[in-house]
Amino acid sequence: MTEAFPISWEEVARSHGRKIYNYAYRLCGNSHDANDLVQEVLLRVRGGLADYQPGSFEGWLWRITRNAFLDDVRRRRRRPTVSLQSDSDLQGRYSAPSPDEVLSSVRFDEDIQKALLDLPLDFREAVVMCDVIGLSYEEIAIAVGAPVGTVRSRIHRGRRLLRERLS
Amino acid sequence: MIGHLDEELSVYLDGELLADEARKVTAHLAGCDFCRDSLGELIEIRARLRSLQMMDYVWQPSTHARVIPLRRRARVVAGTAAAAVALIVAVAALAAPRDVVALTQGDFSASFVARQTLDENFTGRVIPPDVLSSDSEAG
């Protein structure tokens, strides 16, 4: 699939920064690491734009994002932490108490976020790319460097595991 | 179709089956309670994933513009500093933005968390998945 290509990395930042941030946040559960990842991805995009071959831009970008994330995981050599706790510490400093409905929605998010973090990384990234970011199977296949058949299996097994853990 | 469906159900749900395969799955579902229940479970978990709050992240050109050119600036500064001792003052002035960057990044996450907490509008998913996928189909 050939797509309109963003001219500059700044445009990539504007059009995809938020998605990259959310991808990282759901994968690592930590807003600070997610922020760092967006900047790392943008640096890599900036360096790689010259070599980009027309094709699936989404696949290309998410491959960069995924590799940056994996490099970060390897570098840190620690299990990603659940940041919802540290985020609530920050919230304590910046905000008044939240309404009940906000709290319950946060808990709802928290349950599924914890279940996501318990998934094997292959399943977690496939499910997040598909259901949170909204990529197609083909784009995910390019991003993770696996056949579409593998991707569909990971998405399905990931969803099944989540279902088991949440029920 | 023999037995029950498994992986095909997810693929069916995601609209990634070929039309012919999708018709077969539809036909099977019409006569199989077990597979209809399985599909219902997948629909539920998928809906929960899709309802995860899409965190707000606003990319600010000024923040990043300051982060990235620093390396280039550092080289320029090194060359100039060798030329004149008087420039040390200027070097110190140029080095200052490093701290500014650190603060900006920290404030950025903090303000994000604060906005997330204070602004009710952030509780919903702002970009629905169908909009995201239609992005990728464009062009």
# chains A, B, ... in the order shown; residues from 1 in each chain; ligands from 1
$ residues_around --residues "Arg124 of chain A" --least-positions-apart "2" --cutoff "12 Å" --atoms "only C-alpha atoms" --output "short mmCIF file (atom, residue, chain, number, x, y, z; two decimals) with N, CA and C atoms, in the first residue's frame"
data_model
loop_
_atom_site.label_atom_id
_atom_site.label_comp_id
_atom_site.auth_asym_id
_atom_site.auth_seq_id
_atom_site.Cartn_x
_atom_site.Cartn_y
_atom_site.Cartn_z
N TYR A 23 0.80 4.04 22.36
CA TYR A 23 1.34 2.70 22.16
C TYR A 23 2.32 2.38 23.28
N ALA A 24 3.26 3.29 23.48
CA ALA A 24 4.29 3.06 24.49
C ALA A 24 3.68 2.99 25.88
N TYR A 25 2.72 3.86 26.13
CA TYR A 25 2.11 3.89 27.46
C TYR A 25 1.40 2.57 27.76
N ARG A 26 0.68 2.04 26.80
CA ARG A 26 -0.04 0.78 27.03
C ARG A 26 0.91 -0.40 27.11
N LEU A 27 2.05 -0.29 26.45
CA LEU A 27 3.01 -1.40 26.50
C LEU A 27 3.84 -1.40 27.78
N CYS A 28 4.19 -0.22 28.27
CA CYS A 28 5.06 -0.18 29.45
C CYS A 28 4.32 0.32 30.69
N GLY A 29 3.17 0.93 30.50
CA GLY A 29 2.37 1.39 31.64
C GLY A 29 3.02 2.55 32.39
N ARG A 66 8.45 0.15 17.32
CA ARG A 66 8.57 -1.14 18.01
C ARG A 66 10.04 -1.42 18.35
N ILE A 112 -7.52 -3.52 33.00
CA ILE A 112 -7.13 -4.03 31.69
C ILE A 112 -5.66 -3.70 31.41
N GLN A 113 -5.19 -2.57 31.95
CA GLN A 113 -3.78 -2.23 31.79
C GLN A 113 -2.89 -3.26 32.49
N LYS A 114 -3.30 -3.67 33.69
CA LYS A 114 -2.51 -4.68 34.41
C LYS A 114 -2.53 -6.00 33.67
N ALA A 115 -3.71 -6.36 33.17
CA ALA A 115 -3.81 -7.62 32.42
C ALA A 115 -2.94 -7.57 31.16
N LEU A 116 -2.90 -6.39 30.52
CA LEU A 116 -2.05 -6.22 29.34
C LEU A 116 -0.58 -6.44 29.68
N LEU A 117 -0.17 -5.85 30.80
CA LEU A 117 1.24 -5.93 31.19
C LEU A 117 1.64 -7.36 31.53
N ASP A 118 0.65 -8.21 31.88
CA ASP A 118 0.95 -9.61 32.17
C ASP A 118 1.07 -10.47 30.91
N LEU A 119 0.63 -9.93 29.80
CA LEU A 119 0.70 -10.71 28.55
C LEU A 119 2.15 -10.81 28.08
N PRO A 120 2.49 -11.95 27.44
CA PRO A 120 3.80 -11.99 26.78
C PRO A 120 3.91 -10.84 25.78
N LEU A 121 5.12 -10.29 25.65
CA LEU A 121 5.31 -9.07 24.85
C LEU A 121 4.79 -9.20 23.41
N ASP A 122 5.00 -10.38 22.79
CA ASP A 122 4.54 -10.57 21.40
C ASP A 122 3.03 -10.37 21.29
N ALA A 126 0.90 -6.93 19.69
CA ALA A 126 -0.05 -7.17 18.60
C ALA A 126 -1.44 -6.65 18.98
N VAL A 127 -1.86 -6.93 20.21
CA VAL A 127 -3.18 -6.49 20.66
C VAL A 127 -3.24 -4.97 20.75
N VAL A 128 -2.19 -4.35 21.26
CA VAL A 128 -2.19 -2.88 21.39
C VAL A 128 -2.19 -2.23 20.00
N MET A 129 -1.36 -2.76 19.09
CA MET A 129 -1.34 -2.18 17.74
C MET A 129 -2.70 -2.31 17.08
N CYS A 130 -3.36 -3.45 17.28
CA CYS A 130 -4.65 -3.68 16.62
C CYS A 130 -5.78 -2.92 17.31
N ASP A 131 -5.93 -3.12 18.60
CA ASP A 131 -7.14 -2.63 19.28
C ASP A 131 -7.00 -1.25 19.89
N VAL A 132 -5.80 -0.82 20.21
CA VAL A 132 -5.64 0.52 20.79
C VAL A 132 -5.26 1.52 19.69
N VAL A 144 6.13 -5.68 13.00
CA VAL A 144 6.79 -6.67 13.87
C VAL A 144 7.67 -7.63 13.09
N VAL A 151 0.59 -12.81 13.03
CA VAL A 151 -0.03 -11.64 13.66
C VAL A 151 -1.46 -11.97 14.09
N ARG A 154 -1.46 -14.11 17.12
CA ARG A 154 -1.08 -13.38 18.35
C ARG A 154 -2.22 -12.50 18.86
N ILE A 155 -2.89 -11.84 17.93
CA ILE A 155 -4.00 -10.98 18.34
C ILE A 155 -5.08 -11.82 19.01
N HIS A 156 -5.41 -12.94 18.37
CA HIS A 156 -6.48 -13.77 18.91
C HIS A 156 -6.10 -14.36 20.27
N ARG A 157 -4.90 -14.90 20.35
CA ARG A 157 -4.47 -15.51 21.62
C ARG A 157 -4.32 -14.46 22.71
N GLY A 158 -3.87 -13.28 22.31
CA GLY A 158 -3.76 -12.18 23.27
C GLY A 158 -5.12 -11.81 23.84
N ARG A 159 -6.10 -11.69 22.97
CA ARG A 159 -7.46 -11.35 23.43
C ARG A 159 -8.01 -12.44 24.33
N ARG A 160 -7.77 -13.70 23.95
CA ARG A 160 -8.27 -14.82 24.75
C ARG A 160 -7.64 -14.81 26.15
N LEU A 161 -6.34 -14.58 26.20
CA LEU A 161 -5.65 -14.53 27.50
C LEU A 161 -6.18 -13.39 28.36
N LEU A 162 -6.40 -12.24 27.73
CA LEU A 162 -6.94 -11.10 28.47
C LEU A 162 -8.32 -11.43 29.04
N LEU B 49 -10.73 -3.04 25.28
CA LEU B 49 -9.44 -2.52 24.81
C LEU B 49 -9.64 -1.20 24.06
#
$ atom_distance --atom1 "atom CA of Asp72 of chain A" --atom2 "atom CA of Gln39 of chain A"
12.2 Å
$ closest_residue --among "B:Arg36, B:Arg48, B:His28, B:Arg23" --to "chain A" --atoms "only C-alpha atoms"
B:Arg48
$ atom_distance --atom1 "atom CA of Pro147 of chain A" --atom2 "atom CA of Pro54 of chain A"
20.1 Å
$ closest_residue --among "B:Asp37, B:Val11, B:Gly3, B:Ala22" --to "chain A" --atoms "only C-alpha atoms"
B:Val11
$ closest_residue --among "A:Thr150, A:Gln53, A:Asn67, A:Ser136" --to "chain B" --atoms "only C-alpha atoms"
A:Ser136
$ residues_around --residues "Glu16 of chain B" --least-positions-apart "4" --cutoff "12 Å" --atoms "only C-alpha atoms" --output "PyMOL selection string"
(chain A and resi 130+135-138+148-149+151-152) or (chain B and resi 7-12+20-22)
$ closest_residue --among "A:Ile133, A:Val12, A:Val45, A:Leu166" --to "Glu110 of chain A" --atoms "only C-alpha atoms"
A:Leu166
$ atom_distance --atom1 "atom CA of Gly40 of chain B" --atom2 "atom CA of Glu164 of chain A"
13.7 Å
